[in-house]
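Asker: So that we are looking at the same thing, I have put the structure below in structure tokens.
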Amino acid sequence: MTRAAVHRFIDPRTLAALGDLELAARAVVDGFMFGIHPSRLPGPGLEFSQYRPYQPGDDLRRVDWRLFARADRYWVREADTATSITVRLVLDTSASMAQAERGLAKLDYARLLAAALALLALRQGDAVGLYALSDAATRILPPQRGQRHLHRVFHLLESLTPAGAWPGWPRLERLFTAGGTRGLTLLISDLCEREEEIRTVAAKLAALRHDVAVLHVAARADVAFDYHGPTTFEELETGRRLELDADAARATYLERFEREAAGLRAGFAEARVDYARFTLDQPVDLALRQFLARRARVP
Amino acid sequence: MIAFAAPAWLAALGALAVPLAIHLWSHRARRPIRVGSIRLLSGMPPAAARALRLRDPWLLALRLGMLAALALSLADPSWAPHGPRAGTWAFLSTEALADRALMDSLRAAGAELRLLEAGLPSLSSDGGWQTAGGRGGDSGCALPSAICRPHYWSLLAEADWLASPGTRFLVAAPLVSDRFRGSRPAISAPVTWREVGAAAPRGAPPAAQPPRRVVILADAAHRDDARYFEAAIRAAAQATGIAADVVRGSPDDAAALAADADWIVWLATTAASPAAPVGGAPVWRDATGTPLLSVERDGRRVAYRLHTRITPEWALAPGFAEAVAALWAGPVRGPAPAPARISVAQAMPAAAAAPLRRAPPATAMRLAVPLWVLAAFALALDRWLAWRRTRGTS
């Protein structure tokens, strides 16, 4: 950790400016102790888990003979089986993801997150699928394993541009029900909804027995509302404008935002959806490390 | 007291309206902030009363201060702790220094006494003087005194530049022509003359000399020549005190006019009736040595021959009138004649509304450079604040 801490926590703007998503992803996940998901199936494997007494029917090859020589008992060496699952990265590419802060757009941050997660997943031998969704353009890479697929994922991620709005569940239902293989679904979005369409999709996926986590990408100003004076706000997806005095509006906004955030957490908890918020000024690797560490503790 | 050397530049303070206008106007035309959702902002009271509200008053004040410092520095302000006194400056020529009574009376009247010499040194009460502008006094001139001799008009113009507005000048000096050279200056300060050493010029001829009768005979082609020559004769008569009775005529009137003339001036292409010499000793020469006027003496009769025309350039150039005066006076024995006395009206400089620029008083502190530094500092501070702001928000 200390060695890693020296070169860790790179400014996300630096990573985004790198231009090479694969390199950025490697820089983020380099030295990660956490996988993207724990593997909990006991069985033969490399990672030692425990010894248990021999029972008739166990494969004799799994008896630890050196321990038998010391203890004169048959112990079976058990390891966590390296399980591989399907990781689906669902990326919101609606126009609202173009909101930028100090030159870094939400989509840039989401891109970095997705690339790092894809790299982690493929290192674990998982199949990775990428779903870049908006009603203007839906671009999909079906789950697959392998280094070449990883490059396809990076390439698609690099070519994404924000446009349109989030498509409703009816348009997505077929995408996630047809495959059959359930697994981990990571939904990366800014959660800028007109109604509750993104939350609905997360809940529906959870109901389909996917392991769903929502990675909420928020701007620093969304959280702190650090605007001053008379300000004109323009909504990216609709172009609607609103003029108000930011100083006068701050208290109300922050109160509403807290209530909204509490509602989000409660709603996701009820739907058994994991939720984490990433703000644009957080280093990607630090935020991702905290997220994965929390997931490792809470299976 | 703050004085401005170029007060016209104070109009540049009008530029202050520009950032003020930008400040008030830019609030209407602010670029909208593009956000993902304004759902949480809906229903908030709109910013209605923002039009003429000052935002960032300190930043605005900084920018206005920067512009004001620039405008003021263009006006070249100076700070004099006491402020220049607008009193009377009395200029005394070296001749006037002998007149103790005059100096005492001027001092009693509160006038500031200065020597009318190069540098305009101040006269202290014990009779010594120190230069005013830090420049060398009259001792610095290595050239012959005739060249270094102070010319009152240029000294008065210099004094007008140095003096604060409202100063009155009193000049106690001899009114003689050789102290007034160059063009008549325009001076804003009112000037009073008090003539000193007004005694009759030395070498003035006795009044007993009878007036001379001069007959100038010129044909149509030489009318201008005759005019210039007559003017020169009249000036010479005034300068030397030998009165002239000038009569003009044409060569045809020679017999009638020339009978009792002391001088006959024949300006015509035809030959003069009393034959003029062809050769003779040159009196005037031009720059190449060619004689312009030659003379031949024959008993009491002296005949001059002019080998050239009297062009306006020559007649108006310095030297012509003096040369004619030398002819008029004849060979002078003893010291050269003293310069002519001139009238007060002739000595008086022209009146001007105000000099174009005034020199700041010697004790005043120039504020232009500190103002520039202030403006540069304000600019740096402004840029730093702007940089910090763009760094703070996207």
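By convention in this document, the chains of the structure tokens carry letters A, B, ... by their order, each chain's residues are numbered from 1, and ligands are numbered from 1 in the order they are shown.
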Can you build me a table of chain A residues sitting at most 8 Å from chain B, with the closest atom pair per residue and its distance in Å to one decimal, using only C-alpha atoms, sorted by chain and residue number, as JSON lines?
Answerer:
{"residue": "A:Ala95", "atom": "CA", "partner": "B:Gly36", "partner_atom": "CA", "distance": 7.7}
{"residue": "A:Ser96", "atom": "CA", "partner": "B:Gly36", "partner_atom": "CA", "distance": 4.2}
{"residue": "A:Met97", "atom": "CA", "partner": "B:Gly36", "partner_atom": "CA", "distance": 6.8}
{"residue": "A:Ala98", "atom": "CA", "partner": "B:Gly36", "partner_atom": "CA", "distance": 7.7}
{"residue": "A:Gln99", "atom": "CA", "partner": "B:Val35", "partner_atom": "CA", "distance": 5.5}
{"residue": "A:Ala100", "atom": "CA", "partner": "B:Ser394", "partner_atom": "CA", "distance": 7.4}
{"residue": "A:Glu101", "atom": "CA", "partner": "B:Ser394", "partner_atom": "CA", "distance": 4.6}
{"residue": "A:Arg102", "atom": "CA", "partner": "B:Ser394", "partner_atom": "CA", "distance": 3.8}
{"residue": "A:Gly103", "atom": "CA", "partner": "B:Ser394", "partner_atom": "CA", "distance": 6.7}
{"residue": "A:Asp190", "atom": "CA", "partner": "B:Gly36", "partner_atom": "CA", "distance": 7.9}
{"residue": "A:Cys192", "atom": "CA", "partner": "B:Ser37", "partner_atom": "CA", "distance": 5.7}
{"residue": "A:Glu193", "atom": "CA", "partner": "B:Ser37", "partner_atom": "CA", "distance": 7.6}
{"residue": "A:Arg194", "atom": "CA", "partner": "B:Arg39", "partner_atom": "CA", "distance": 7.8}
{"residue": "A:Asp226", "atom": "CA", "partner": "B:Thr393", "partner_atom": "CA", "distance": 7.8}
{"residue": "A:Tyr227", "atom": "CA", "partner": "B:Thr393", "partner_atom": "CA", "distance": 8.0}
{"residue": "A:Gly229", "atom": "CA", "partner": "B:Arg55", "partner_atom": "CA", "distance": 7.1}
{"residue": "A:Pro230", "atom": "CA", "partner": "B:Ala47", "partner_atom": "CA", "distance": 6.1}
{"residue": "A:Thr231", "atom": "CA", "partner": "B:Pro32", "partner_atom": "CA", "distance": 7.0}
{"residue": "A:Thr232", "atom": "CA", "partner": "B:Pro32", "partner_atom": "CA", "distance": 4.6}
{"residue": "A:Phe233", "atom": "CA", "partner": "B:Ile33", "partner_atom": "CA", "distance": 4.8}
{"residue": "A:Glu234", "atom": "CA", "partner": "B:Arg34", "partner_atom": "CA", "distance": 4.7}
{"residue": "A:Glu235", "atom": "CA", "partner": "B:Val35", "partner_atom": "CA", "distance": 5.3}
{"residue": "A:Leu236", "atom": "CA", "partner": "B:Gly36", "partner_atom": "CA", "distance": 5.5}
{"residue": "A:Glu237", "atom": "CA", "partner": "B:Gly36", "partner_atom": "CA", "distance": 7.1}
{"residue": "A:Arg241", "atom": "CA", "partner": "B:Pro32", "partner_atom": "CA", "distance": 8.0}
{"residue": "A:Leu242", "atom": "CA", "partner": "B:Ile38", "partner_atom": "CA", "distance": 7.7}
{"residue": "A:Glu243", "atom": "CA", "partner": "B:Pro46", "partner_atom": "CA", "distance": 5.7}
{"residue": "A:Leu244", "atom": "CA", "partner": "B:Ala47", "partner_atom": "CA", "distance": 4.2}
{"residue": "A:Asp245", "atom": "CA", "partner": "B:Ala47", "partner_atom": "CA", "distance": 4.9}
{"residue": "A:Ala249", "atom": "CA", "partner": "B:Met44", "partner_atom": "CA", "distance": 6.7}
{"residue": "A:Tyr253", "atom": "CA", "partner": "B:Leu40", "partner_atom": "CA", "distance": 6.4}
{"residue": "A:Arg256", "atom": "CA", "partner": "B:Leu40", "partner_atom": "CA", "distance": 6.5}
{"residue": "A:Phe257", "atom": "CA", "partner": "B:Leu40", "partner_atom": "CA", "distance": 7.0}
Asker: Within 9 Å of stretch 380-386 of chain B, counting only C-alpha atoms, which residues show up once you throw out same-chain ones fewer than 6 positions away? Write them as a VMD selection string, please.
Answerer: chain B and resid 59 62 to 63
Asker: Report the residues of stretch 150-253 of chain A whose backbone DSSP state falls under strand (DSSP E), written as a PyMOL selection string.
Answerer: chain A and resi 184-189+211-218+230-235+241-245
Asker: What are the closest atom pairs, with distances in Å to one decimal, for all residues of stretch 213-268 of chain B lying within 8 Å of stretch 291-311 of chain B? Consider only C-alpha atoms, order rows by chain and residue number, and present the result as JSON lines.
Answerer:
{"residue": "B:Asp224", "atom": "CA", "partner": "B:Ile310", "partner_atom": "CA", "distance": 8.0}
{"residue": "B:Asp225", "atom": "CA", "partner": "B:Ile310", "partner_atom": "CA", "distance": 5.1}
{"residue": "B:Tyr228", "atom": "CA", "partner": "B:Ile310", "partner_atom": "CA", "distance": 7.4}
{"residue": "B:Phe229", "atom": "CA", "partner": "B:Ile310", "partner_atom": "CA", "distance": 7.9}
Asker: Could you save the residues just selected, with C-alpha atoms, as a tab-separated table (two decimals), in the first residue's frame?
Answerer:
chain	number	residue	atom	x	y	z
B	224	ASP	CA	11.78	97.62	-53.75
B	225	ASP	CA	15.52	98.22	-53.50
B	228	TYR	CA	14.73	98.67	-48.29
B	229	PHE	CA	17.52	101.19	-48.52
Asker: Could you tell me how far atom CA of A:Gln282 lies from atom CA of B:Arg389, in Å and to one decimal?
Answerer: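 Calculated distance between atom CA of A:Gln282 and atom CA of B:Arg389 is 19.9 Å.
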Asker: At a cut-off of 12 Å, using only C-alpha atoms, what residues contact A:Pro143? Leave out same-chain residues fewer than 6 positions from it and give the result as a list in words.
Answerer: Ile85, Thr86, Val87, Arg88, Leu89, Val90, Ala118, Ala121, Leu122, Gly125, Asp126, Ala127, Val128, Gly129, Leu130, Tyr131, His149, Leu150, Arg152, Val153, Leu175, Phe176, Gly179, Gly180, Thr181, Arg182, Gly183, Leu184 and Thr185 of chain A
Asker: For the residues selected in the previous step, produce a file with N, CA and C atoms as a PDB file, in the first residue's frame.
Answerer:
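So out_18.pdb came out as:
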ATOM      1  N   ILE A  85     -17.288 -14.929 -14.005  1.00  0.00           N
ATOM      2  CA  ILE A  85     -18.672 -14.521 -14.211  1.00  0.00           C
ATOM      3  C   ILE A  85     -18.721 -13.593 -15.412  1.00  0.00           C
ATOM      4  N   THR A  86     -19.896 -13.102 -15.677  1.00  0.00           N
ATOM      5  CA  THR A  86     -20.059 -12.137 -16.755  1.00  0.00           C
ATOM      6  C   THR A  86     -20.228 -10.754 -16.137  1.00  0.00           C
ATOM      7  N   VAL A  87     -19.361  -9.830 -16.548  1.00  0.00           N
ATOM      8  CA  VAL A  87     -19.459  -8.455 -16.055  1.00  0.00           C
ATOM      9  C   VAL A  87     -20.013  -7.602 -17.181  1.00  0.00           C
ATOM     10  N   ARG A  88     -21.138  -6.971 -16.908  1.00  0.00           N
ATOM     11  CA  ARG A  88     -21.708  -6.063 -17.913  1.00  0.00           C
ATOM     12  C   ARG A  88     -21.474  -4.623 -17.448  1.00  0.00           C
ATOM     13  N   LEU A  89     -20.811  -3.856 -18.285  1.00  0.00           N
ATOM     14  CA  LEU A  89     -20.608  -2.433 -17.993  1.00  0.00           C
ATOM     15  C   LEU A  89     -21.651  -1.651 -18.764  1.00  0.00           C
ATOM     16  N   VAL A  90     -22.603  -1.078 -18.031  1.00  0.00           N
ATOM     17  CA  VAL A  90     -23.660  -0.298 -18.685  1.00  0.00           C
ATOM     18  C   VAL A  90     -23.315   1.179 -18.502  1.00  0.00           C
ATOM     19  N   ALA A 118     -13.125  -2.899 -16.731  1.00  0.00           N
ATOM     20  CA  ALA A 118     -12.992  -3.925 -17.762  1.00  0.00           C
ATOM     21  C   ALA A 118     -11.645  -4.624 -17.643  1.00  0.00           C
ATOM     22  N   ALA A 121     -11.697  -6.928 -14.640  1.00  0.00           N
ATOM     23  CA  ALA A 121     -12.535  -8.102 -14.873  1.00  0.00           C
ATOM     24  C   ALA A 121     -11.817  -9.100 -15.776  1.00  0.00           C
ATOM     25  N   LEU A 122     -11.175  -8.592 -16.819  1.00  0.00           N
ATOM     26  CA  LEU A 122     -10.506  -9.513 -17.732  1.00  0.00           C
ATOM     27  C   LEU A 122      -9.278 -10.144 -17.091  1.00  0.00           C
ATOM     28  N   GLY A 125     -10.342 -13.103 -15.528  1.00  0.00           N
ATOM     29  CA  GLY A 125     -10.834 -14.096 -16.462  1.00  0.00           C
ATOM     30  C   GLY A 125     -12.321 -14.015 -16.708  1.00  0.00           C
ATOM     31  N   ASP A 126     -12.916 -12.867 -16.340  1.00  0.00           N
ATOM     32  CA  ASP A 126     -14.353 -12.727 -16.552  1.00  0.00           C
ATOM     33  C   ASP A 126     -14.632 -12.315 -17.986  1.00  0.00           C
ATOM     34  N   ALA A 127     -15.886 -12.576 -18.382  1.00  0.00           N
ATOM     35  CA  ALA A 127     -16.332 -12.057 -19.669  1.00  0.00           C
ATOM     36  C   ALA A 127     -16.851 -10.651 -19.436  1.00  0.00           C
ATOM     37  N   VAL A 128     -16.488  -9.738 -20.333  1.00  0.00           N
ATOM     38  CA  VAL A 128     -16.884  -8.345 -20.157  1.00  0.00           C
ATOM     39  C   VAL A 128     -17.749  -7.933 -21.335  1.00  0.00           C
ATOM     40  N   GLY A 129     -18.887  -7.342 -21.026  1.00  0.00           N
ATOM     41  CA  GLY A 129     -19.734  -6.773 -22.066  1.00  0.00           C
ATOM     42  C   GLY A 129     -19.884  -5.285 -21.823  1.00  0.00           C
ATOM     43  N   LEU A 130     -19.980  -4.528 -22.904  1.00  0.00           N
ATOM     44  CA  LEU A 130     -20.113  -3.081 -22.759  1.00  0.00           C
ATOM     45  C   LEU A 130     -21.408  -2.639 -23.420  1.00  0.00           C
ATOM     46  N   TYR A 131     -22.227  -1.887 -22.682  1.00  0.00           N
ATOM     47  CA  TYR A 131     -23.498  -1.392 -23.194  1.00  0.00           C
ATOM     48  C   TYR A 131     -23.478   0.122 -23.045  1.00  0.00           C
ATOM     49  N   HIS A 149     -10.700  -8.881 -26.959  1.00  0.00           N
ATOM     50  CA  HIS A 149     -11.983  -8.269 -26.635  1.00  0.00           C
ATOM     51  C   HIS A 149     -11.786  -7.003 -25.798  1.00  0.00           C
ATOM     52  N   LEU A 150     -10.788  -7.078 -24.919  1.00  0.00           N
ATOM     53  CA  LEU A 150     -10.490  -5.893 -24.101  1.00  0.00           C
ATOM     54  C   LEU A 150     -10.164  -4.698 -24.994  1.00  0.00           C
ATOM     55  N   ARG A 152     -11.228  -4.236 -27.989  1.00  0.00           N
ATOM     56  CA  ARG A 152     -12.470  -3.760 -28.603  1.00  0.00           C
ATOM     57  C   ARG A 152     -13.233  -2.878 -27.620  1.00  0.00           C
ATOM     58  N   VAL A 153     -13.219  -3.269 -26.351  1.00  0.00           N
ATOM     59  CA  VAL A 153     -13.917  -2.475 -25.323  1.00  0.00           C
ATOM     60  C   VAL A 153     -13.293  -1.079 -25.228  1.00  0.00           C
ATOM     61  N   LEU A 175     -32.284  -6.638 -24.202  1.00  0.00           N
ATOM     62  CA  LEU A 175     -30.822  -6.703 -24.145  1.00  0.00           C
ATOM     63  C   LEU A 175     -30.349  -7.555 -22.981  1.00  0.00           C
ATOM     64  N   PHE A 176     -31.009  -7.377 -21.827  1.00  0.00           N
ATOM     65  CA  PHE A 176     -30.488  -8.002 -20.609  1.00  0.00           C
ATOM     66  C   PHE A 176     -31.178  -9.313 -20.267  1.00  0.00           C
ATOM     67  N   GLY A 179     -29.733 -12.822 -23.083  1.00  0.00           N
ATOM     68  CA  GLY A 179     -28.476 -13.557 -22.921  1.00  0.00           C
ATOM     69  C   GLY A 179     -28.608 -14.750 -22.001  1.00  0.00           C
ATOM     70  N   GLY A 180     -29.386 -14.619 -20.969  1.00  0.00           N
ATOM     71  CA  GLY A 180     -29.580 -15.718 -20.048  1.00  0.00           C
ATOM     72  C   GLY A 180     -28.572 -15.738 -18.933  1.00  0.00           C
ATOM     73  N   THR A 181     -27.271 -15.551 -19.236  1.00  0.00           N
ATOM     74  CA  THR A 181     -26.266 -15.605 -18.184  1.00  0.00           C
ATOM     75  C   THR A 181     -26.374 -14.381 -17.312  1.00  0.00           C
ATOM     76  N   ARG A 182     -26.628 -14.639 -16.061  1.00  0.00           N
ATOM     77  CA  ARG A 182     -26.661 -13.515 -15.141  1.00  0.00           C
ATOM     78  C   ARG A 182     -25.256 -13.279 -14.616  1.00  0.00           C
ATOM     79  N   GLY A 183     -25.052 -12.138 -14.053  1.00  0.00           N
ATOM     80  CA  GLY A 183     -23.732 -11.841 -13.498  1.00  0.00           C
ATOM     81  C   GLY A 183     -23.718 -10.471 -12.864  1.00  0.00           C
ATOM     82  N   LEU A 184     -22.561  -9.853 -12.897  1.00  0.00           N
ATOM     83  CA  LEU A 184     -22.399  -8.539 -12.283  1.00  0.00           C
ATOM     84  C   LEU A 184     -22.702  -7.469 -13.329  1.00  0.00           C
ATOM     85  N   THR A 185     -23.594  -6.565 -12.997  1.00  0.00           N
ATOM     86  CA  THR A 185     -23.911  -5.469 -13.912  1.00  0.00           C
ATOM     87  C   THR A 185     -23.563  -4.150 -13.224  1.00  0.00           C
TER      88      THR A 185
END
Asker: Could you tell me how far atom CA of B:Ser73 sits from atom CA of B:Ala6, in Å to one decimal place?
Answerer: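 Going from atom CA of B:Ala6 over to atom CA of B:Ser73 covers 9.7 Å.
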